[in-house]
2 protein chains.
Amino acid sequence: MTRKRNANRNAGAPTLADVARLAGMSEITVSRVVRNQGPIADATRTRVLAAISQLGYIPNRAAGSLASAASTLMTVLLPSLSNIVFPDVLRGIHTAITETGFQSVIGVTDYDPLIEERILLSFLAWQPAAVILAGLHHTPTARKHLEQGRFRVAELMDIDGDPVDIAVGMSHRQAGYETGRHLIERGYRRFGYAGHMLISDDRAKARYQGLCEALREAGLSLVGEMRVPGGGSTIAGRELLEKLLAAHPDLDVVIFPNDDMAMGGIFYCIHAGIVIKERLGIFGFNGLDIGQAMPLPLSTILSKRFLIGKTAAEKLLESRERPPEKTIINTGFDIIEGATA
Amino acid sequence: MTRKRNANRNAGAPTLADVARLAGMSEITVSRVVRNQGPIADATRTRVLAAISQLGYIPNRAAGSLASAASTLMTVLLPSLSNIVFPDVLRGIHTAITETGFQSVIGVTDYDPLIEERILLSFLAWQPAAVILAGLHHTPTARKHLEQGRFRVAELMDIDGDPVDIAVGMSHRQAGYETGRHLIERGYRRFGYAGHMLISDDRAKARYQGLCEALREAGLSLVGEMRVPGGGSTIAGRELLEKLLAAHPDLDVVIFPNDDMAMGGIFYCIHAGIVIKERLGIFGFNGLDIGQAMPLPLSTILSKRFLIGKTAAEKLLESRERPPEKTIINTGFDIIEGATA
DNA sequence: CTGTTAGCGCATTCAA
DNA sequence: TTGAATGCGCTAACAG
C-alpha cells in the first residue's frame, strides 16, 4: 500500500496525476497543455482538456511556483486607498493584466517607507514576477532587494529621480512649476498655499517646490501658507481656506495639493460669498471627474493615473527578464483651464 | 557531486537548509522558529534568528503552501474600483489583515458573475485561506466551489439572501424602503428616479424595489424615471436630471442610486437656478465625504463600507475552519438628513 | 511530439 | 525540546 499521493490532505482535489491517468498521458504532457507550452498534438490536447474538465482540475500554483522558481503574481504596493488616485492606478494595472493570467497582490504602505519595506519583504516570499511601487524613494534595504531580485520593478507616479528598472509617471516638480507660470500669466500675484502635512508625500512636496521656483523666477513668493495635519480632505480644505484667508485677506489665488482639498476651498468661497476666479483663484491637482462636473469646473492639472498603472503593467509584462537598462516613461500631464483660476 | 540543492536556479537565495547549517540546527527547528510554532528553547531561537538575519533569509511561501496545503492568501473579488466604495471596503480589509501575515490577492469582476467565476477559479489555484466577494449572487459553478472549498467565505455588502458562510453588509431593500418613508414623511409626493443601467448591480436594484414598495404602501408611485447607460457618474447625473425634469417638470424629489450621480443632480439645480429641497429634493446613497462637505450637505444614506470590509476580514481570521453554521452580520446604515431633501 | 528522472523548499508525522 | 524521513504537486532538463 504505497498509494500515498493524494490519499490524505487534499481530500479529493484532483492533481496532474489524476488528469494524466484519466487521459492516458504522462503528467508532463498534461502540464504542457495546461500551460500552453511546447508542441502538443491536437488530438492529445483535446483528450487532456476533456479529462481536465471532467475532473474539474485546478492547477496548484504553489507547486508550480516552487518547481519553476517563478510565479504569476505581481506585487503592488500603494501608499493609500483613501484617495481615488491609487485605485485609479490599480484599475490601470488590472486592465493590463486581465487575460494575461497574472494576479496582483496588494499592499498598503500608508506613505511609510518602513512599512513599504516590511510588506515588500513579506511579499517577495511569493517569488513575484514583478513588483510595482509608488515613488522612487525607498529604504536602503528595500532598494537593495529591488535591485537584486529576480523580478522586474516599476516605480510609478514620479520620474524625478533614479529608478531601479522602470519609472512611469510625470515630473511633479514641473507640474508645480507650470502651475505657477500659468497663474502668473493670468495676472495672479498674491499666492497662497493650503496644504497638508503628509511629510512622505514626495510628489506634493515636489509640486510645492516647483511652484515656489516659478514664483521666485517672477520675483514673487508665497504670501501665506498653511497646512492641515494628515492627508487632506474636502472638509479640511474648506476649513483651511477659511483660516488662511483670515490670516491673509489679500490673497488673490490659493493652490491646493489636490482636487479634494481644492473643492473644499470652492465650497468655502460659495458659502462665504467670495467670487471665485475674479476675487480669488482656486487651483488643484489631479483632475478628478467630480471637479469637472461642478458648475464652475475646477482649474487643475490632470494626472494620468489610469494610464500610469496600465503602461507600467504592460511594460512589465513585455519581457520576463530584467531590462538591461533603465527606462523612464513620461506620461505627462495636462493643465485644465477650468473656471476657478 | 550531488550538491544539486540550490545549486542552480535560485542563485543564492538562502533556504531553510542554509539557515539550519549556519545555526547548527535541523531544518525543522528553523521552520518552527520562523512560524512561531511548537516549543523552542530560547537559546535555540536566538541562534536561529541570528542566522536568519545574517543570511537575509526570506521563507519561500510557495514551498510552505505546498507542504502544508494552505496559504496565507486572502482572495478578494470586487465588482469595480472606479467608485470609492470598493476601495473603502478594501481599506477595511487591509486594516484587519495588516500585522496578521495575511495578504490579499485582488480581482475585479466588472459586475459580471461570469468574470467572477473565472477569476475565482484561477485564484483558488493558490489555495487561499479565505475568499471575500461582493453580493450573494454567483454562478452555480462559483457557488459550488465556494461551498466545497477548504477556505472560509465572506460575502459582502448585501444580506438579503442565503450566504455560503458569512454575509456582512446591510439590507439594500430596506435602505430603499426607508428612503421612501423618509421622503414621504417630509411631504414629497411626486417622485422621480434617475438611475443607471448596471443590470448586475443587485444592490441598486434592491434599493429601487424597496423605494417602490414604500411608495406603493403610501398610495404613490414613481412619476418619472430615467436611466443612463453604464455605471453612472457625476456628469451623467447632471445630464440625466436635466432630461428627467424636461420630461417631468412637476417632480418634487429625485432619488439617485449613488452620491456621485446625486451630486451631479445638485450641480444641475445650481446651474439651472432650481431651489434645492424646497422646489426639488435630491437624495443619494453612500454618504461620501465630499457630499457632506458641500455648502448644502447631500441628503443620503451612509453605507458603512470600511466597517463591512474590516468586520468581514476579522471574522474570517477568527478561525481556520469553515464555520459550522451561517452567519449574517448586519452593519446597518444611517440616514443622513442633509440639506437637499 | 511525448516521456523519464529528479528535484523545487518546506511542513507533517512520528520518534527520540 | 529536537530531529529524520518523506512527500506536497508540479516543471526543468534532457532523451527518445
# chains A, B, ... in the order shown; residues from 1 in each chain; ligands from 1
>>> interface_residues(of="chain B", to="chain D", cutoff="9 Å", atoms="only C-alpha atoms (C1' of nucleotides)", output="list of chain:residue names")
B:Met25, B:Ser26, B:Glu27, B:Ile28, B:Thr29, B:Pro39, B:Ile40, B:Ala41, B:Ala63, B:Ser65, B:Leu66, B:Ala67, B:Ser68, B:Ala69
>>> closest_atom_pairs(of="chain C", to="chain B", cutoff="10 Å", atoms="only C-alpha atoms (C1' of nucleotides)", output="Markdown table")
| residue | atom | partner | partner_atom | distance |
| --- | --- | --- | --- | --- |
| C:DA6 | C1' | B:Lys4 | CA | 9.9 |
| C:DG7 | C1' | B:Arg5 | CA | 7.9 |
| C:DC8 | C1' | B:Ala63 | CA | 7.8 |
| C:DG9 | C1' | B:Ala63 | CA | 5.0 |
| C:DC10 | C1' | B:Gly64 | CA | 4.9 |
| C:DA11 | C1' | B:Ala67 | CA | 5.2 |
| C:DT12 | C1' | B:Ser68 | CA | 7.7 |
>>> select_by_dssp(residues="region 33-248 of chain B", states="helix (DSSP H, G or I)", output="MDAnalysis selection string")
chainID B and resid 33:35 42:55 61:68 85:97 113:124 140:148 172:185 202:217 234:247
>>> interface_residues(of="chain B", to="chain A", cutoff="8 Å", atoms="only C-alpha atoms", output="VMD selection string")
chain B and resid 9 to 10 58 to 63 65 to 66 69 81 to 84 87 to 88 90 to 91 94 103 to 108 121 to 122 124 to 127 234 to 235 238 260 264 267 to 268 270 to 271 289 to 290 293 to 295
>>> residues_around(residues="Ala154 (chain A)", least_positions_apart="4", cutoff="12 Å", atoms="only C-alpha atoms (C1' of nucleotides)", output="ChimeraX atom specification")
/A:74-77,93,129-136,146-147,158-159,162-169,308-317,322-323,326-329
>>> select_by_dssp(residues="region 213-282 of chain A", states="strand (DSSP E or B)", output="NGL selection string")
:A and (222-228 or 253-255 or 276 or 280-282)
>>> residues_around(residues="Lys277 (chain B)", least_positions_apart="4", cutoff="6 Å", atoms="only C-alpha atoms (C1' of nucleotides)", output="list of chain:residue names")
B:Gly281, B:Thr340, B:Ala341
>>> write_last_selection(atoms="N, CA and C atoms", output="mmCIF file, in the first residue's frame")
data_model
loop_
_atom_site.group_PDB
_atom_site.id
_atom_site.type_symbol
_atom_site.label_atom_id
_atom_site.label_comp_id
_atom_site.auth_asym_id
_atom_site.auth_seq_id
_atom_site.Cartn_x
_atom_site.Cartn_y
_atom_site.Cartn_z
ATOM 1 N N GLY B 281 -36.312 68.110 -4.132
ATOM 2 C CA GLY B 281 -35.454 67.358 -3.218
ATOM 3 C C GLY B 281 -34.511 66.450 -3.994
ATOM 4 N N THR B 340 -30.599 68.649 1.347
ATOM 5 C CA THR B 340 -31.069 68.646 -0.034
ATOM 6 C C THR B 340 -32.396 67.910 -0.217
ATOM 7 N N ALA B 341 -32.956 67.392 0.871
ATOM 8 C CA ALA B 341 -34.266 66.753 0.764
ATOM 9 C C ALA B 341 -34.933 66.721 2.140
#
>>> residues_around(residues="Leu22 (chain B)", least_positions_apart="3", cutoff="9 Å", atoms="only C-alpha atoms (C1' of nucleotides)", output="short mmCIF file (atom, residue, chain, number, x, y, z; two decimals) with N, CA and C atoms, in the first residue's frame")
data_model
loop_
_atom_site.label_atom_id
_atom_site.label_comp_id
_atom_site.auth_asym_id
_atom_site.auth_seq_id
_atom_site.Cartn_x
_atom_site.Cartn_y
_atom_site.Cartn_z
N ALA B 17 17.55 25.24 4.68
CA ALA B 17 18.73 24.39 4.87
C ALA B 17 19.96 25.24 5.16
N ASP B 18 20.10 26.34 4.46
CA ASP B 18 21.25 27.23 4.68
C ASP B 18 21.22 27.78 6.10
N VAL B 19 20.04 28.22 6.51
CA VAL B 19 19.91 28.77 7.85
C VAL B 19 20.25 27.69 8.88
N MET B 25 21.49 23.74 13.47
CA MET B 25 20.25 23.08 13.88
C MET B 25 19.67 22.33 12.67
N VAL B 48 18.94 30.77 15.91
CA VAL B 48 18.30 30.67 14.59
C VAL B 48 18.00 32.06 14.03
N ALA B 51 21.03 33.64 12.65
CA ALA B 51 21.41 33.08 11.35
C ALA B 51 20.50 33.63 10.25
N ILE B 52 19.20 33.72 10.58
CA ILE B 52 18.23 34.23 9.59
C ILE B 52 18.60 35.64 9.17
N LEU B 55 21.81 35.86 7.07
CA LEU B 55 21.70 35.44 5.67
C LEU B 55 20.66 36.25 4.89
#
>>> residues_around(residues="Asp252 (chain B)", least_positions_apart="5", cutoff="10 Å", atoms="only C-alpha atoms (C1' of nucleotides)", output="list of chain:residue names")
B:Gly187, B:Tyr188, B:Arg189, B:Arg190, B:Phe191, B:Gly192, B:Val223, B:Leu245, B:Ile276, B:Lys277, B:Glu278, B:Arg279, B:Leu280, B:Gly281, B:Ile282, B:Ala341
